[in-house]
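Trainee: Can you keep this structure in mind? I'll have questions shortly.
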Amino acid sequence: MSALAAASQPFTGELQRVELPGGVRLHLAPSYKFKTVVIKVFLRTDLRAETATEVALLPWVLRQGTRRHPSLRAMNRALEELYGASLAVDVLKLGEQQVITARLELVGDAFLPPGEGVLRAGLALLRELLFDPARDEQGALPAAAVDQEREKLLRFLQGLIDDKASYAAEACLRTMCAGEPFAVFEYGAAEALPAIDGAGLEARRQALLADAPLDVYVLGAVDPAAARDLVGEAFALPGRAGERPLRGTTPHPAPGPVREVREAFDVQQGKLCLGFRAPATVSEPGYYPLFVMNGVLGGFPHSKLFKNVREKAGLCYDASSSYERFKGLLFVTAGIAPENFARAREECLAQLEAIRRGEIGAEELEATRMSYFQALHALLDSPQALINLDYGLRLAGRPSRPEEVIRAALAVTPEEVAEAARGVRLDTVYFLEPGAPPAEAAA
């Protein structure tokens, strides 16, 4: 079977793993189901308050230019020459680790005229972004790029308060996890920005690339043998010391009294957020029961929160739940009228209590299973979603093929869902309510 024929087989999410010199891991999934190739690099480090802002700013400064393409305009011109390739950077939080990502998407070489393939040049550009950025005569990242991206990040951080639902969720999380690394925002803090300069960012870049875990994903229309050779050529780093072990996620503190925080802002609608400690993370045996339990509680429009708290009781404008799988937290959020605070809180808690008692209808569970099946099956049409799924589950030591995830979710029983709910413990109640904002927020 030819390489093209092999790659043309139905895509299942199976990835080939290759260890490159320097401890760089290549994850390769060839499939001509997709006409493009997505290359995504993950660089992971411990999430710390003292370094988070610098790490968050770094990829955006690097995106401003490399030594060969020393400006944003030159970078964009280089991408245009690669038949309109796209390049994006970002920062993620996975548990108590901070992850820099760089993603390049370009047309598969098989769909271009002979001799005009772009995979090699695209990989070279992505490598330059990380390992050969534009620098000034002193070896620092350029001051103009740092100033520009620092100002953008400052505006972003200051603007977070404008999205009151997101602000309330983040405030609940910070209160709940005060003193734990998870409380640190993945994009850092505005007050840390003035002290950051090009020399410090360059030192941070070098430190990260010296020993931080580095993964390169290639998914899409590639010949597997050629892709292995080209990625090895671009990202084999024999001078790297190999990855340094990271701290991992800290365990939950001992149970204590439920904390209640009410914060006033100039809002029409109150934002209620209930924060729970869950008994398992994605790497532990109780993960899939919690995964399904979250769906029954508030993950979908058919879930208990939406049906009972919003539709039947009419206590909120919206109600949902989310499971933070890497830290082991569950959040229930609702937009409510301020006079409904006590009733809405109790009714949300009552839905969790119903699950604990095993009050899970057959249709309710089947709708949850079907919703997860449809969502996970849809991943097969999204290279980026497949990469993100694999990266997260692989870090947790779990099988990461979509069909395996679907099978595990469908196998969860009602008894396991009830048992998972019984292990969830309320930690924090946060309410963003209408009123005069605190002086420091108003300023």
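As shown in the structure tokens, the chain order sets the letters A, B, ...; within each chain, residues go from 1, and ligands are also counted from 1 in the order they appear.
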If we count only C-alpha atoms, what is near Gly361 in chain A at a cut-off of 12 Å, once residues fewer than 6 positions away on the same chain are taken out, given as JSON, numbers by chain?

Mentor: {"A": [296, 297, 302, 303, 304, 354, 355, 367, 368, 413, 414, 415, 417, 418]}

Trainee: Got a sec: who's within 12 Å of range 398-411 of chain A, counting only C-alpha atoms, leaving out chain neighbours fewer than 3 positions off, as a PyMOL selection string?

Mentor: chain A and resi 11-16+29+281-295+365-382+385-395+414-417

Trainee: Keeping C-alpha atoms for every residue in the selection just given, could you write it to a file as a compact mmCIF listing (two decimals), in the first residue's frame?

Mentor:
# COMPACT_ATOMS: atom_id res chain seq x y z
CA PHE A 11 -9.29 8.47 10.22
CA THR A 12 -9.70 7.06 13.74
CA GLY A 13 -7.62 9.44 15.83
CA GLU A 14 -4.71 6.99 16.07
CA LEU A 15 -1.38 8.81 16.43
CA GLN A 16 2.17 7.59 15.84
CA ALA A 29 -1.54 11.43 12.47
CA THR A 281 -9.20 14.37 38.29
CA VAL A 282 -8.84 13.16 34.72
CA SER A 283 -5.94 10.91 35.69
CA GLU A 284 -7.88 9.05 38.41
CA PRO A 285 -10.37 6.14 38.24
CA GLY A 286 -13.44 8.23 39.06
CA TYR A 287 -13.00 10.54 36.07
CA TYR A 288 -15.61 9.18 33.66
CA PRO A 289 -18.40 8.93 36.27
CA LEU A 290 -17.74 12.60 37.10
CA PHE A 291 -17.61 13.44 33.40
CA VAL A 292 -21.07 11.93 32.88
CA MET A 293 -22.43 13.29 36.16
CA ASN A 294 -21.57 16.82 35.03
CA GLY A 295 -23.58 16.20 31.86
CA LEU A 365 -28.99 9.49 31.14
CA GLU A 366 -29.51 8.40 27.54
CA ALA A 367 -29.73 12.04 26.39
CA THR A 368 -26.46 12.78 28.20
CA ARG A 369 -24.75 9.79 26.63
CA MET A 370 -26.01 10.78 23.18
CA SER A 371 -24.88 14.39 23.65
CA TYR A 372 -21.39 13.26 24.57
CA PHE A 373 -21.36 10.77 21.70
CA GLN A 374 -22.27 13.48 19.19
CA ALA A 375 -19.75 15.96 20.63
CA LEU A 376 -16.90 13.45 20.69
CA HIS A 377 -17.72 12.02 17.28
CA ALA A 378 -17.64 15.55 15.84
CA LEU A 379 -13.98 15.78 16.89
CA LEU A 380 -13.10 13.48 14.01
CA ASP A 381 -13.78 16.42 11.68
CA SER A 382 -11.57 18.90 13.57
CA ALA A 385 -9.83 19.49 18.52
CA LEU A 386 -8.31 16.04 18.02
CA ILE A 387 -4.87 17.36 18.89
CA ASN A 388 -6.15 19.08 22.03
CA LEU A 389 -8.04 15.96 23.14
CA ASP A 390 -5.00 13.76 22.64
CA TYR A 391 -2.64 16.14 24.42
CA GLY A 392 -4.80 16.47 27.52
CA LEU A 393 -5.66 12.80 27.88
CA ARG A 394 -2.12 11.65 27.10
CA LEU A 395 -0.80 13.85 29.91
CA PRO A 414 -26.44 5.34 36.94
CA GLU A 415 -25.01 3.96 40.17
CA GLU A 416 -21.56 5.30 39.25
CA VAL A 417 -23.04 8.69 38.45

Trainee: Counting only C-alpha atoms, what is within 9 Å of Ala212 in chain A, bar same-chain residues fewer than 4 positions away, as a PDB file with N, CA, C and O atoms, in the first residue's frame?

Mentor:
ATOM      1  N   LEU A  43       4.447  23.716  24.780  1.00  0.00           N
ATOM      2  CA  LEU A  43       5.597  23.899  25.666  1.00  0.00           C
ATOM      3  C   LEU A  43       5.044  24.146  27.067  1.00  0.00           C
ATOM      4  O   LEU A  43       4.361  25.143  27.295  1.00  0.00           O
ATOM      5  N   ARG A  44       5.342  23.256  28.010  1.00  0.00           N
ATOM      6  CA  ARG A  44       4.623  23.224  29.285  1.00  0.00           C
ATOM      7  C   ARG A  44       5.556  23.553  30.449  1.00  0.00           C
ATOM      8  O   ARG A  44       6.700  23.113  30.492  1.00  0.00           O
ATOM      9  N   THR A  45       5.020  24.312  31.420  1.00  0.00           N
ATOM     10  CA  THR A  45       5.799  24.673  32.599  1.00  0.00           C
ATOM     11  C   THR A  45       4.874  24.779  33.809  1.00  0.00           C
ATOM     12  O   THR A  45       3.645  24.823  33.661  1.00  0.00           O
ATOM     13  N   ALA A 207      15.191  29.603  29.074  1.00  0.00           N
ATOM     14  CA  ALA A 207      14.996  28.672  30.186  1.00  0.00           C
ATOM     15  C   ALA A 207      13.924  27.638  29.848  1.00  0.00           C
ATOM     16  O   ALA A 207      14.082  26.443  30.141  1.00  0.00           O
ATOM     17  N   LEU A 208      12.835  28.081  29.244  1.00  0.00           N
ATOM     18  CA  LEU A 208      11.767  27.157  28.885  1.00  0.00           C
ATOM     19  C   LEU A 208      12.232  26.144  27.839  1.00  0.00           C
ATOM     20  O   LEU A 208      11.978  24.939  27.960  1.00  0.00           O
ATOM     21  N   GLY A 242      16.880  17.695  27.809  1.00  0.00           N
ATOM     22  CA  GLY A 242      15.770  16.788  28.097  1.00  0.00           C
ATOM     23  C   GLY A 242      14.856  17.450  29.103  1.00  0.00           C
ATOM     24  O   GLY A 242      15.232  18.396  29.786  1.00  0.00           O
ATOM     25  N   GLU A 243      13.640  16.954  29.219  1.00  0.00           N
ATOM     26  CA  GLU A 243      12.672  17.688  30.009  1.00  0.00           C
ATOM     27  C   GLU A 243      12.886  17.560  31.516  1.00  0.00           C
ATOM     28  O   GLU A 243      13.324  16.537  32.025  1.00  0.00           O
ATOM     29  N   ARG A 244      12.567  18.650  32.196  1.00  0.00           N
ATOM     30  CA  ARG A 244      12.622  18.702  33.659  1.00  0.00           C
ATOM     31  C   ARG A 244      11.267  18.285  34.219  1.00  0.00           C
ATOM     32  O   ARG A 244      10.229  18.747  33.767  1.00  0.00           O
ATOM     33  N   PRO A 245      11.248  17.410  35.233  1.00  0.00           N
ATOM     34  CA  PRO A 245       9.957  17.018  35.825  1.00  0.00           C
ATOM     35  C   PRO A 245       9.237  18.244  36.392  1.00  0.00           C
ATOM     36  O   PRO A 245       9.845  19.128  37.001  1.00  0.00           O
ATOM     37  N   LEU A 246       7.933  18.298  36.174  1.00  0.00           N
ATOM     38  CA  LEU A 246       7.142  19.407  36.680  1.00  0.00           C
ATOM     39  C   LEU A 246       6.483  19.027  38.000  1.00  0.00           C
ATOM     40  O   LEU A 246       6.424  17.859  38.384  1.00  0.00           O
TER      41      LEU A 246
END

Trainee: Residues near range 334-350 of chain A, anyone? I mean within 6 Å using only C-alpha atoms, not counting same-chain ones fewer than 2 positions away, as a PyMOL selection string.

Mentor: chain A and resi 269-272+315-319+352-353

Trainee: List as JSON, numbers by chain the protein and nucleic acid residues near range 218-232 of chain A, meaning an atom at most 6 Å away when only C-alpha atoms are counted, but skip any in the same chain fewer than 5 places from it.

Mentor: {"A": [3, 28, 29, 30, 31, 32, 34, 35, 36, 37, 38, 39, 108]}

Trainee: Output the selection as a short mmCIF file (atom, residue, chain, number, x, y, z; two decimals), in the first residue's frame - C-alpha atoms for each residue.

Mentor:
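Done, and the output landed in again_37.cif:
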data_model
loop_
_atom_site.label_atom_id
_atom_site.label_comp_id
_atom_site.auth_asym_id
_atom_site.auth_seq_id
_atom_site.Cartn_x
_atom_site.Cartn_y
_atom_site.Cartn_z
CA ALA A 3 1.86 6.17 1.60
CA LEU A 28 1.89 12.14 13.96
CA ALA A 29 -1.54 11.43 12.47
CA PRO A 30 -1.51 11.27 8.64
CA SER A 31 -4.92 11.46 6.96
CA TYR A 32 -5.93 12.71 3.55
CA PHE A 34 -8.16 16.65 5.59
CA LYS A 35 -6.76 18.80 2.80
CA THR A 36 -4.61 20.76 5.23
CA VAL A 37 -1.93 19.99 7.78
CA VAL A 38 -2.14 21.29 11.33
CA ILE A 39 1.14 21.50 13.23
CA GLY A 108 -1.08 19.59 2.30
#

Trainee: Go through A:Ala234, A:Ala313, A:Leu106, A:Leu92 one by one, measure the shortest atom-to-atom distance of each to Ala124 in chain A using only C-alpha atoms, and give the residue with the smallest value.

Mentor: A:Ala234

Trainee: Would you list the contacts of Val55 in chain A as an NGL selection string, taking every protein, DNA or RNA residue within 12 Å and counting only C-alpha atoms, but skipping same-chain residues closer than 4 positions in sequence?

Mentor: :A and (43-51 or 59-62 or 90-93 or 97-101 or 150 or 153 or 185-189 or 192-193 or 196 or 200-209)

Trainee: Kindly save the residues from that selection, with C-alpha atoms included, as a PDB file, in the first residue's frame.

Mentor:
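Dumped to again31.pdb:
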ATOM      1  CA  LEU A  43       5.597  23.899  25.666  1.00  0.00           C
ATOM      2  CA  ARG A  44       4.623  23.224  29.285  1.00  0.00           C
ATOM      3  CA  THR A  45       5.799  24.673  32.599  1.00  0.00           C
ATOM      4  CA  ASP A  46       4.630  24.974  36.200  1.00  0.00           C
ATOM      5  CA  LEU A  47       2.031  27.693  36.791  1.00  0.00           C
ATOM      6  CA  ARG A  48       3.515  30.199  39.255  1.00  0.00           C
ATOM      7  CA  ALA A  49       2.363  33.691  40.219  1.00  0.00           C
ATOM      8  CA  GLU A  50       5.877  35.089  39.872  1.00  0.00           C
ATOM      9  CA  THR A  51       6.373  33.871  36.274  1.00  0.00           C
ATOM     10  CA  PRO A  59       4.417  33.786  22.638  1.00  0.00           C
ATOM     11  CA  TRP A  60       2.794  37.017  21.480  1.00  0.00           C
ATOM     12  CA  VAL A  61       6.157  38.794  21.382  1.00  0.00           C
ATOM     13  CA  LEU A  62       7.681  35.856  19.504  1.00  0.00           C
ATOM     14  CA  ASP A  90      -1.877  31.190  22.827  1.00  0.00           C
ATOM     15  CA  VAL A  91      -1.516  30.175  26.473  1.00  0.00           C
ATOM     16  CA  LEU A  92      -3.491  27.453  28.269  1.00  0.00           C
ATOM     17  CA  LYS A  93      -3.907  26.320  31.851  1.00  0.00           C
ATOM     18  CA  GLN A  97       0.591  23.948  34.596  1.00  0.00           C
ATOM     19  CA  GLN A  98       0.844  26.739  32.035  1.00  0.00           C
ATOM     20  CA  VAL A  99       1.170  25.766  28.379  1.00  0.00           C
ATOM     21  CA  ILE A 100       2.440  27.894  25.509  1.00  0.00           C
ATOM     22  CA  THR A 101       1.003  26.804  22.152  1.00  0.00           C
ATOM     23  CA  ARG A 150       2.497  44.330  26.815  1.00  0.00           C
ATOM     24  CA  LEU A 153      -2.173  42.150  27.284  1.00  0.00           C
ATOM     25  CA  PHE A 185      -4.720  33.234  35.962  1.00  0.00           C
ATOM     26  CA  GLU A 186      -3.067  31.731  32.885  1.00  0.00           C
ATOM     27  CA  TYR A 187      -2.644  35.196  31.321  1.00  0.00           C
ATOM     28  CA  GLY A 188      -0.982  36.599  34.431  1.00  0.00           C
ATOM     29  CA  ALA A 189      -1.700  39.854  36.225  1.00  0.00           C
ATOM     30  CA  ALA A 192       3.274  42.393  36.831  1.00  0.00           C
ATOM     31  CA  LEU A 193       3.511  43.840  33.312  1.00  0.00           C
ATOM     32  CA  ILE A 196       8.780  42.866  32.072  1.00  0.00           C
ATOM     33  CA  GLY A 200      13.842  39.115  30.877  1.00  0.00           C
ATOM     34  CA  LEU A 201      11.567  37.611  28.236  1.00  0.00           C
ATOM     35  CA  GLU A 202      14.550  36.298  26.287  1.00  0.00           C
ATOM     36  CA  ALA A 203      15.929  34.702  29.449  1.00  0.00           C
ATOM     37  CA  ARG A 204      12.521  33.126  30.076  1.00  0.00           C
ATOM     38  CA  ARG A 205      12.419  31.802  26.505  1.00  0.00           C
ATOM     39  CA  GLN A 206      15.827  30.203  26.819  1.00  0.00           C
ATOM     40  CA  ALA A 207      14.996  28.672  30.186  1.00  0.00           C
ATOM     41  CA  LEU A 208      11.767  27.157  28.885  1.00  0.00           C
ATOM     42  CA  LEU A 209      13.313  25.734  25.739  1.00  0.00           C
TER      43      LEU A 209
END

Trainee: Please provide the set of residues having any atom within 8 Å of range 69-82 of chain A, restricted to only C-alpha atoms, with same-chain residues fewer than 4 positions apart removed, written as a list of chain:residue names.

Mentor: A:Arg63, A:Gln64, A:Gly65, A:Ser86, A:Leu87, A:Leu106, A:Val118, A:Ala121, A:Gly122, A:Pro133, A:Ala134

Trainee: Once DSSP has gone over the backbone, tell me which residues of range 168-322 of chain A are in alpha helix (DSSP H), as a VMD selection string.

Mentor: chain A and resid 168 to 176 198 to 211 224 to 235 287 to 294 304

Trainee: How many Å separate CA of Pro279 in chain A from CA of Ala420 in chain A?

Mentor: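 Taking CA of Pro279 in chain A as the start and CA of Ala420 in chain A as the end point, the length is 7.5 Å.
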
Trainee: My list of candidates is A:Ala190, A:Val258, A:Ala421, A:Ala241. Which is closest to Thr53 in chain A when distances are computed with only C-alpha atoms?

Mentor: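 Once distances to Thr53 in chain A are computed over only C-alpha atoms, the minimum belongs to A:Ala190.
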
Trainee: If you run DSSP on the backbone, which residues of range 137-378 of chain A are strand (DSSP E), as a VMD selection string?

Mentor: chain A and resid 214 to 220 259 to 265 270 to 277 318 to 324 329 to 336

Trainee: Go through A:Leu237, A:Cys273, A:Ala178, A:Leu305 and flag the residue nearest Ala210 in chain A, using only C-alpha atoms for the distances.

Mentor: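 Answer, going by the shortest atom-to-atom distance: A:Leu237.
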